[in-house]
Amino acid sequence: MALRSVSRRHAELGFAVALVAAAGFLFLQAADYPGVTGSYPRTLSILLGIGGHLMLVRTLRQHNPDDEQPLFERPGRVYLGAAAVLLYIAAVSYIGYLIPSLVLGIAVPYALGYRNMRHSALVVTATLAFIVLVFVVALQRPIPRDLLDPLLAVLR
């Protein structure tokens with residue numbers, strides 16, 4: 001069975017409803033803040049709710065021919081990318097930051113159709129090296145614990 005993508009219109013309606021729901025939840029959460037400290041989060045949640053309502057009204061009033069176009073051309077690849085991100089979040093807790101970041105940085109472009117593995121590996125490795133040099137060496141800020149910590153100890 002082929003995976004089908006939701007239409008652009010359905011996605012916009014769902015996103016608008018999610019914005020309104022998030023705004024309501026955040027508004028209620030801000031009520032627990034003592035004194036005046038809750039006024040800023042409440043104001044932001046009201047603005048978020050207004051934006052969600054405006055998006056909902058606009059989507060319901062306008063009917064474009066493109067509304068029924070699928071949101072994704074290849075939804076299987078999008079779902080695979082989303083699953084990779086969820087696995088990445090879980091893996092960072094167990095393995096550390098660097099190894100899952102390297103795997104994610106190569107796997108997601110590949111899953112989405114980019115096939116130049118050498119280029120992906122080079123870009124991800126250079127980006128991670130830059131992050132390590134800036135945070136670990138220059139700023140002396142810790143990154144999440146990693147299986148590669150013995151190697152990073154040389155840089156500290």
# chains A, B, ... in the order shown; residues from 1 in each chain; ligands from 1

call {"tool": "residues_around", "arguments": {"residues": "Leu128 of chain A", "least_positions_apart": "5", "cutoff": "9 Å", "atoms": "only C-alpha atoms", "output": "VMD selection string"}}
result
chain A and resid 98 101 to 102 123 133

call {"tool": "select_by_dssp", "arguments": {"residues": "chain A", "states": "helix (DSSP H, G or I)", "output": "ChimeraX atom specification"}}
result
/A:8-30,35-61,65-68,75-94,98-111,117-138,149-152

call {"tool": "residues_around", "arguments": {"residues": "Tyr94 of chain A", "least_positions_apart": "6", "cutoff": "10 Å", "atoms": "only C-alpha atoms", "output": "mmCIF file with all heavy atoms, in the first residue's frame"}}
result
data_model
loop_
_atom_site.group_PDB
_atom_site.id
_atom_site.type_symbol
_atom_site.label_atom_id
_atom_site.label_comp_id
_atom_site.auth_asym_id
_atom_site.auth_seq_id
_atom_site.Cartn_x
_atom_site.Cartn_y
_atom_site.Cartn_z
ATOM 1 N N PRO A 100 25.454 10.247 17.077
ATOM 2 C CA PRO A 100 24.121 10.363 16.478
ATOM 3 C C PRO A 100 24.005 11.540 15.500
ATOM 4 O O PRO A 100 23.306 11.443 14.492
ATOM 5 C CB PRO A 100 23.189 10.568 17.672
ATOM 6 C CG PRO A 100 23.910 9.991 18.817
ATOM 7 C CD PRO A 100 25.364 10.233 18.536
ATOM 8 N N ARG A 145 27.494 14.334 27.104
ATOM 9 C CA ARG A 145 28.455 13.239 27.228
ATOM 10 C C ARG A 145 28.370 12.346 26.008
ATOM 11 O O ARG A 145 27.310 12.129 25.452
ATOM 12 C CB ARG A 145 28.196 12.446 28.495
ATOM 13 C CG ARG A 145 28.441 13.298 29.731
ATOM 14 C CD ARG A 145 28.474 12.490 30.984
ATOM 15 N NE ARG A 145 29.474 11.439 31.025
ATOM 16 C CZ ARG A 145 30.776 11.625 31.232
ATOM 17 N NH1 ARG A 145 31.249 12.843 31.379
ATOM 18 N NH2 ARG A 145 31.602 10.602 31.296
ATOM 19 N N ASP A 146 29.514 11.819 25.606
ATOM 20 C CA ASP A 146 29.591 11.073 24.364
ATOM 21 C C ASP A 146 30.521 9.889 24.538
ATOM 22 O O ASP A 146 31.397 9.899 25.401
ATOM 23 C CB ASP A 146 30.121 12.003 23.259
ATOM 24 C CG ASP A 146 29.829 11.493 21.889
ATOM 25 O OD1 ASP A 146 30.591 10.650 21.398
ATOM 26 O OD2 ASP A 146 28.835 11.936 21.311
ATOM 27 N N LEU A 147 30.342 8.888 23.714
ATOM 28 C CA LEU A 147 31.265 7.759 23.722
ATOM 29 C C LEU A 147 32.662 8.186 23.295
ATOM 30 O O LEU A 147 33.649 7.512 23.595
ATOM 31 C CB LEU A 147 30.756 6.651 22.783
ATOM 32 C CG LEU A 147 29.480 5.939 23.227
ATOM 33 C CD1 LEU A 147 29.052 4.938 22.167
ATOM 34 C CD2 LEU A 147 29.676 5.246 24.556
#

call {"tool": "residues_around", "arguments": {"residues": "segment 21-29 of chain A", "least_positions_apart": "5", "cutoff": "7 Å", "atoms": "only C-alpha atoms", "output": "list in words"}}
result
Arg42, Ser45, Ile46, Leu48 and Gly49 of chain A

call {"tool": "atom_distance", "arguments": {"atom1": "atom CA of Leu47 of chain A", "atom2": "atom CA of Val17 of chain A"}}
result
14.3 Å

call {"tool": "residues_around", "arguments": {"residues": "segment 51-56 of chain A", "least_positions_apart": "6", "cutoff": "7 Å", "atoms": "only C-alpha atoms", "output": "ChimeraX atom specification"}}
result
/A:13,16-17,19-20

call {"tool": "write_last_selection", "arguments": {"atoms": "N, CA and C atoms", "output": "mmCIF file, in the first residue's frame"}}
result
data_model
loop_
_atom_site.group_PDB
_atom_site.id
_atom_site.type_symbol
_atom_site.label_atom_id
_atom_site.label_comp_id
_atom_site.auth_asym_id
_atom_site.auth_seq_id
_atom_site.Cartn_x
_atom_site.Cartn_y
_atom_site.Cartn_z
ATOM 1 N N LEU A 13 -5.147 23.536 7.968
ATOM 2 C CA LEU A 13 -6.206 23.497 8.986
ATOM 3 C C LEU A 13 -5.705 22.826 10.264
ATOM 4 N N ALA A 16 -3.329 25.181 12.085
ATOM 5 C CA ALA A 16 -4.046 26.284 12.727
ATOM 6 C C ALA A 16 -4.715 25.817 14.013
ATOM 7 N N VAL A 17 -5.327 24.655 13.986
ATOM 8 C CA VAL A 17 -5.961 24.113 15.188
ATOM 9 C C VAL A 17 -4.898 23.826 16.254
ATOM 10 N N LEU A 19 -2.069 25.425 16.632
ATOM 11 C CA LEU A 19 -1.644 26.715 17.184
ATOM 12 C C LEU A 19 -2.630 27.230 18.222
ATOM 13 N N VAL A 20 -3.920 27.136 17.916
ATOM 14 C CA VAL A 20 -4.942 27.603 18.860
ATOM 15 C C VAL A 20 -4.903 26.757 20.131
#

call {"tool": "closest_residue", "arguments": {"among": "A:Glu68, A:Tyr97, A:His63, A:Ala111", "to": "Ala84 of chain A", "atoms": "only C-alpha atoms"}}
result
A:Ala111

call {"tool": "atom_distance", "arguments": {"atom1": "atom CA of Pro65 of chain A", "atom2": "atom CA of Gly81 of chain A"}}
result
28.5 Å

call {"tool": "atom_distance", "arguments": {"atom1": "atom CA of His119 of chain A", "atom2": "atom CA of Pro75 of chain A"}}
result
24.7 Å

call {"tool": "residues_around", "arguments": {"residues": "Ala82 of chain A", "least_positions_apart": "3", "cutoff": "12 Å", "atoms": "only C-alpha atoms", "output": "ChimeraX atom specification"}}
result
/A:75-79,85-89,104,107-109,111-112

call {"tool": "residues_around", "arguments": {"residues": "Ile143 of chain A", "least_positions_apart": "4", "cutoff": "10 Å", "atoms": "only C-alpha atoms", "output": "list in words"}}
result
Gly96, Tyr97, Leu98, Ile131, Val132, Phe135, Val136 and Asp149 of chain A

call {"tool": "write_last_selection", "arguments": {"atoms": "N, CA, C and O atoms", "output": "PDB file, in the first residue's frame"}}
result
ATOM      1  N   GLY A  96      25.375   9.828  23.181  1.00  0.00           N
ATOM      2  CA  GLY A  96      26.038  11.120  23.222  1.00  0.00           C
ATOM      3  C   GLY A  96      25.614  11.972  22.042  1.00  0.00           C
ATOM      4  O   GLY A  96      24.674  11.641  21.326  1.00  0.00           O
ATOM      5  N   TYR A  97      26.329  13.037  21.803  1.00  0.00           N
ATOM      6  CA  TYR A  97      25.936  14.015  20.787  1.00  0.00           C
ATOM      7  C   TYR A  97      26.586  13.771  19.429  1.00  0.00           C
ATOM      8  O   TYR A  97      25.934  13.870  18.394  1.00  0.00           O
ATOM      9  N   LEU A  98      27.854  13.467  19.407  1.00  0.00           N
ATOM     10  CA  LEU A  98      28.599  13.459  18.148  1.00  0.00           C
ATOM     11  C   LEU A  98      28.233  12.316  17.217  1.00  0.00           C
ATOM     12  O   LEU A  98      27.980  12.540  16.029  1.00  0.00           O
ATOM     13  N   ILE A 131      31.681  22.785  15.667  1.00  0.00           N
ATOM     14  CA  ILE A 131      30.939  22.867  16.923  1.00  0.00           C
ATOM     15  C   ILE A 131      31.834  22.476  18.098  1.00  0.00           C
ATOM     16  O   ILE A 131      31.853  23.150  19.134  1.00  0.00           O
ATOM     17  N   VAL A 132      32.600  21.410  17.942  1.00  0.00           N
ATOM     18  CA  VAL A 132      33.503  20.976  19.018  1.00  0.00           C
ATOM     19  C   VAL A 132      34.561  22.040  19.280  1.00  0.00           C
ATOM     20  O   VAL A 132      34.837  22.382  20.435  1.00  0.00           O
ATOM     21  N   PHE A 135      32.665  25.212  20.970  1.00  0.00           N
ATOM     22  CA  PHE A 135      32.107  25.030  22.306  1.00  0.00           C
ATOM     23  C   PHE A 135      33.087  24.387  23.286  1.00  0.00           C
ATOM     24  O   PHE A 135      33.217  24.843  24.420  1.00  0.00           O
ATOM     25  N   VAL A 136      33.781  23.344  22.878  1.00  0.00           N
ATOM     26  CA  VAL A 136      34.649  22.626  23.799  1.00  0.00           C
ATOM     27  C   VAL A 136      35.980  23.347  23.993  1.00  0.00           C
ATOM     28  O   VAL A 136      36.448  23.532  25.112  1.00  0.00           O
ATOM     29  N   ASP A 149      34.202  10.823  24.351  1.00  0.00           N
ATOM     30  CA  ASP A 149      34.792  11.713  25.361  1.00  0.00           C
ATOM     31  C   ASP A 149      36.277  11.486  25.604  1.00  0.00           C
ATOM     32  O   ASP A 149      37.019  12.452  25.801  1.00  0.00           O
TER      33      ASP A 149
END
